[in-house]
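Below is one structure, written out as structure tokens, with a few remarks after it.
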Amino acid sequence: MHSPAEVAQILISVGKKKAETSGGRLLVLGVLAGFFIAFAAIGASVASCTVESGSVAKLISAVVFPGGLAMVLVAGSELFTGNTLMTVALAERVISLGAMLRNWLLVYIGNFIGSLMGTALFCLGGRLDLFGGKMALYAIETAAAKCSLGFGPALLLGIGCNFLVCVAVLMSYGAGDVTGKIAGLFFPIMLFILAGFEHSVANMTYIPLGLFAEMNASYAAAAAGTDLAALTWGNFLLGNLLPVTLGNIIGGSVLVGGIWWFSYLRKGKAGERSE
């Protein structure tokens, strides 16, 4: 097992490697991560959509969803939210701001493409009709709630989410084997789902699921008790995805990456590393 200080050194080398990866590879690996998170979000939704108790449904979702980040970290891919930790390598001046932003942009686009593709496979395959349409109703209600948050709450929930996601990444880096990596990432991810925090890449599936379901007249009619006014593509992109993405950047790059750099890598007055 690696110590927190050793994990900080790993962040430097990982950040450097990510900054040097070709644009085409970043895009493809971003698509792959988008698929992984999409399938985790879909699986979590299917597992909980028939559960009447809200807290139990949350718990079930929270147990299933960590499989997405497990696939990202163990199988290998590029996830925007975890890549906000590249700020550690930036602070150490081993990568440039331009290289980091290039990575973020290409990976984000890839995540978006992969998420929509995974969501489309599920919807076009007729899976929204699961459990007599309860899956579709759950998707609509979830998407409508996310699109109704408002900019400020979405930003704050995005901060909380990626704080936990990046802590999960750090704990995974600290493990010496696959079992340890999965065990390390599980609980922070479970907590972010339980708390109802907002993950930009997960929302690239959760909200389109509801938008696709709402296009079906019978599903929309079944959701008549849900306020669908905020459930639009424009509000998805600007009302939810924008503030959540900004919050994810703050939570990952500042609250985790910044603190780790300050605590374990910053040079002290005497020119020595902080212990």
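Labeling convention for the structure tokens: chains A, B, ... as they appear, residues from 1 per chain, ligands from 1 in order of appearance.
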Quick one: residues within 12 Å of stretch 155-163 of chain A, only C-alpha atoms, excluding same-chain residues fewer than 4 positions away - as a PDB file with C-alpha atoms, in the first residue's frame?
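And here is the file that came out, part_23.pdb:
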ATOM      1  CA  LEU A  79     -12.541  10.209 -17.193  1.00  0.00           C
ATOM      2  CA  PHE A  80     -12.835  13.992 -17.021  1.00  0.00           C
ATOM      3  CA  THR A  81     -13.673  14.179 -13.332  1.00  0.00           C
ATOM      4  CA  GLY A  82     -10.657  12.138 -12.252  1.00  0.00           C
ATOM      5  CA  ASN A  83      -8.413  14.069 -14.636  1.00  0.00           C
ATOM      6  CA  THR A  84      -9.021  17.264 -12.662  1.00  0.00           C
ATOM      7  CA  LEU A  85      -6.240  15.881 -10.440  1.00  0.00           C
ATOM      8  CA  LYS A 146     -31.586  17.345 -11.832  1.00  0.00           C
ATOM      9  CA  LEU A 149     -31.740  22.300  -9.261  1.00  0.00           C
ATOM     10  CA  GLY A 150     -30.708  25.834 -10.185  1.00  0.00           C
ATOM     11  CA  PHE A 151     -27.181  27.035 -10.956  1.00  0.00           C
ATOM     12  CA  VAL A 167     -10.571  10.907  -3.024  1.00  0.00           C
ATOM     13  CA  ALA A 168     -11.727   7.573  -4.469  1.00  0.00           C
ATOM     14  CA  VAL A 169      -9.105   7.883  -7.219  1.00  0.00           C
ATOM     15  CA  LEU A 170      -6.398   8.633  -4.640  1.00  0.00           C
ATOM     16  CA  PRO A 188     -16.319   7.431  -1.488  1.00  0.00           C
ATOM     17  CA  ILE A 189     -18.366   6.722  -4.632  1.00  0.00           C
ATOM     18  CA  MET A 190     -21.119   5.132  -2.568  1.00  0.00           C
ATOM     19  CA  LEU A 191     -21.207   8.231  -0.366  1.00  0.00           C
ATOM     20  CA  PHE A 192     -21.523  10.653  -3.281  1.00  0.00           C
ATOM     21  CA  ILE A 193     -24.522   8.741  -4.624  1.00  0.00           C
ATOM     22  CA  LEU A 194     -26.134   8.520  -1.177  1.00  0.00           C
ATOM     23  CA  ALA A 195     -25.663  12.259  -0.603  1.00  0.00           C
ATOM     24  CA  GLY A 196     -27.203  13.134  -3.963  1.00  0.00           C
ATOM     25  CA  PHE A 197     -24.145  14.975  -5.266  1.00  0.00           C
ATOM     26  CA  GLU A 198     -23.853  15.779  -8.969  1.00  0.00           C
ATOM     27  CA  HIS A 199     -21.380  14.113 -11.358  1.00  0.00           C
ATOM     28  CA  SER A 200     -21.094  15.753 -14.778  1.00  0.00           C
ATOM     29  CA  VAL A 201     -20.308  12.574 -16.709  1.00  0.00           C
ATOM     30  CA  ALA A 202     -22.982  10.518 -14.928  1.00  0.00           C
ATOM     31  CA  ASN A 203     -25.480  13.273 -15.742  1.00  0.00           C
ATOM     32  CA  LEU A 238     -26.671  25.101 -19.491  1.00  0.00           C
ATOM     33  CA  GLY A 239     -28.759  24.635 -16.358  1.00  0.00           C
ATOM     34  CA  ASN A 240     -27.185  21.429 -15.095  1.00  0.00           C
ATOM     35  CA  LEU A 241     -24.116  20.287 -17.015  1.00  0.00           C
ATOM     36  CA  LEU A 242     -22.387  23.685 -16.991  1.00  0.00           C
ATOM     37  CA  PRO A 243     -22.590  24.389 -13.230  1.00  0.00           C
ATOM     38  CA  VAL A 244     -21.978  20.744 -12.308  1.00  0.00           C
ATOM     39  CA  THR A 245     -18.885  20.651 -14.510  1.00  0.00           C
ATOM     40  CA  LEU A 246     -17.550  23.836 -12.923  1.00  0.00           C
ATOM     41  CA  GLY A 247     -18.250  22.395  -9.486  1.00  0.00           C
ATOM     42  CA  ASN A 248     -16.495  19.141 -10.406  1.00  0.00           C
ATOM     43  CA  ILE A 249     -13.427  21.130 -11.484  1.00  0.00           C
ATOM     44  CA  ILE A 250     -13.340  23.027  -8.190  1.00  0.00           C
ATOM     45  CA  GLY A 251     -13.922  19.918  -6.083  1.00  0.00           C
ATOM     46  CA  GLY A 252     -11.263  17.850  -7.835  1.00  0.00           C
ATOM     47  CA  SER A 253      -8.559  20.327  -8.811  1.00  0.00           C
ATOM     48  CA  VAL A 254      -8.684  22.609  -5.759  1.00  0.00           C
ATOM     49  CA  LEU A 255     -10.143  20.729  -2.789  1.00  0.00           C
ATOM     50  CA  VAL A 256      -8.336  17.467  -3.518  1.00  0.00           C
ATOM     51  CA  GLY A 257      -5.501  18.184  -5.942  1.00  0.00           C
ATOM     52  CA  GLY A 258      -4.623  21.508  -4.344  1.00  0.00           C
ATOM     53  CA  ILE A 259      -4.692  20.166  -0.808  1.00  0.00           C
ATOM     54  CA  TRP A 260      -2.625  17.098  -1.738  1.00  0.00           C
TER      55      TRP A 260
END
Selection: 9 Å around stretch 63-75 of chain A, only C-alpha atoms, excl. self and same-chain fewer than 2 positions, as a ChimeraX atom specification: /A:32-33,35-44,47,58-61,77-79,165,168-169,172,178,181-182,185-190,193
Against stretch 119-140 of chain A, which residues of stretch 36-60 of chain A fall within 7 Å? For each one I want the closest pair of atoms and the distance in Å (one decimal), counting only C-alpha atoms, rows by chain and increasing residue number, as CSV.
residue,atom,partner,partner_atom,distance
A:Ala38,CA,A:Thr119,CA,6.5
A:Val46,CA,A:Met135,CA,6.3
A:Cys49,CA,A:Tyr138,CA,5.6
A:Thr50,CA,A:Lys134,CA,6.6
I want to know what sits within 12 Å of A:Arg102, based on only C-alpha atoms, with residues of the same chain fewer than 3 positions away left out; could you give that as a PyMOL selection string? chain A and resi 18-24+26-27+80+83-84+86+95-99+105-109
Give me, please, the distance in Å between atom CA of A:Met204 and atom CA of A:Val28, quoted to one decimal.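 Atom-to-atom, atom CA of A:Met204 and atom CA of A:Val28 are spaced 16.8 Å apart.
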Of the candidates A:Leu164, A:Leu116, A:Val14, A:Ala144, which one gets nearest to A:Ala89 if we count only C-alpha atoms?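 For A:Ala89, the nearest of the candidates is A:Val14.
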I need the helix (DSSP H, G or I) residues of stretch 5-230 of chain A per DSSP on the backbone, written as a count of residues only. 188
Using atom CA of A:Lys16 and atom CA of A:Ser115 as the two end points, give the distance in Å to one decimal.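 Computed distance, atom CA of A:Lys16 to atom CA of A:Ser115, equals 26.1 Å.
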Pick out the residues sitting within 8 Å of A:Phe236, and hand them over as JSON, numbers by chain; count only C-alpha atoms, and ignore anything fewer than 5 positions along from it in its own chain. {"A": [147, 207, 231, 241]}
Those selected residues, please, written with all heavy atoms and delivered as a PDB file, in the first residue's frame.
ATOM      1  N   CYS A 147     -32.521  18.750 -13.570  1.00  0.00           N
ATOM      2  CA  CYS A 147     -32.635  19.965 -14.378  1.00  0.00           C
ATOM      3  C   CYS A 147     -33.324  21.105 -13.626  1.00  0.00           C
ATOM      4  O   CYS A 147     -33.322  22.240 -14.111  1.00  0.00           O
ATOM      5  CB  CYS A 147     -33.394  19.669 -15.670  1.00  0.00           C
ATOM      6  SG  CYS A 147     -32.424  18.765 -16.891  1.00  0.00           S
ATOM      7  N   ILE A 207     -29.637  12.385 -17.402  1.00  0.00           N
ATOM      8  CA  ILE A 207     -30.580  13.350 -17.960  1.00  0.00           C
ATOM      9  C   ILE A 207     -31.031  12.965 -19.372  1.00  0.00           C
ATOM     10  O   ILE A 207     -32.235  13.014 -19.668  1.00  0.00           O
ATOM     11  CB  ILE A 207     -30.006  14.781 -17.894  1.00  0.00           C
ATOM     12  CG1 ILE A 207     -29.782  15.162 -16.420  1.00  0.00           C
ATOM     13  CG2 ILE A 207     -30.948  15.782 -18.558  1.00  0.00           C
ATOM     14  CD1 ILE A 207     -29.151  16.522 -16.213  1.00  0.00           C
ATOM     15  N   LEU A 231     -37.252  20.109 -18.038  1.00  0.00           N
ATOM     16  CA  LEU A 231     -36.613  18.987 -18.706  1.00  0.00           C
ATOM     17  C   LEU A 231     -36.484  19.256 -20.208  1.00  0.00           C
ATOM     18  O   LEU A 231     -37.295  18.801 -21.016  1.00  0.00           O
ATOM     19  CB  LEU A 231     -37.392  17.692 -18.449  1.00  0.00           C
ATOM     20  CG  LEU A 231     -36.752  16.386 -18.941  1.00  0.00           C
ATOM     21  CD1 LEU A 231     -35.343  16.241 -18.401  1.00  0.00           C
ATOM     22  CD2 LEU A 231     -37.606  15.195 -18.549  1.00  0.00           C
ATOM     23  N   LEU A 241     -25.460  20.755 -16.673  1.00  0.00           N
ATOM     24  CA  LEU A 241     -24.116  20.287 -17.015  1.00  0.00           C
ATOM     25  C   LEU A 241     -23.054  21.365 -16.813  1.00  0.00           C
ATOM     26  O   LEU A 241     -21.954  21.069 -16.328  1.00  0.00           O
ATOM     27  CB  LEU A 241     -24.095  19.786 -18.462  1.00  0.00           C
ATOM     28  CG  LEU A 241     -22.975  18.809 -18.824  1.00  0.00           C
ATOM     29  CD1 LEU A 241     -22.975  17.609 -17.900  1.00  0.00           C
ATOM     30  CD2 LEU A 241     -23.094  18.376 -20.274  1.00  0.00           C
TER      31      LEU A 241
END
What does the distance from atom CA of A:Pro208 to atom CA of A:Met117 come to in Å, to one decimal? 10.5 Å
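Nearest-residue note for A:Asn111: choosing from A:Val31, A:Thr142, A:Gly54, A:Ala154, the minimum distance belongs to A:Val31, counting only C-alpha atoms.
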Given only C-alpha atoms as the basis, pick out the residue of A:Ala57, A:Val94, A:Ala175, A:Ile113 nearest to A:His2. A:Ala175
Within 9 Å of stretch 224-227 of chain A using only C-alpha atoms, minus same-chain residues under 2 positions, as a CSV table (one decimal) with C-alpha atoms, in the first residue's frame:
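Contents of result-v9.csv, freshly written:
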chain,number,residue,atom,x,y,z
A,140,ILE,CA,-38.0,11.1,-16.3
A,141,GLU,CA,-38.3,11.9,-12.6
A,144,ALA,CA,-36.4,16.5,-14.2
A,145,ALA,CA,-35.1,16.8,-10.6
A,219,TYR,CA,-44.1,7.5,-20.8
A,220,ALA,CA,-44.7,11.3,-20.6
A,221,ALA,CA,-48.4,10.7,-19.7
A,222,ALA,CA,-47.3,8.3,-17.0
A,229,ALA,CA,-41.0,22.3,-17.7
A,230,ALA,CA,-37.3,22.2,-16.9
A,231,LEU,CA,-36.6,19.0,-18.7
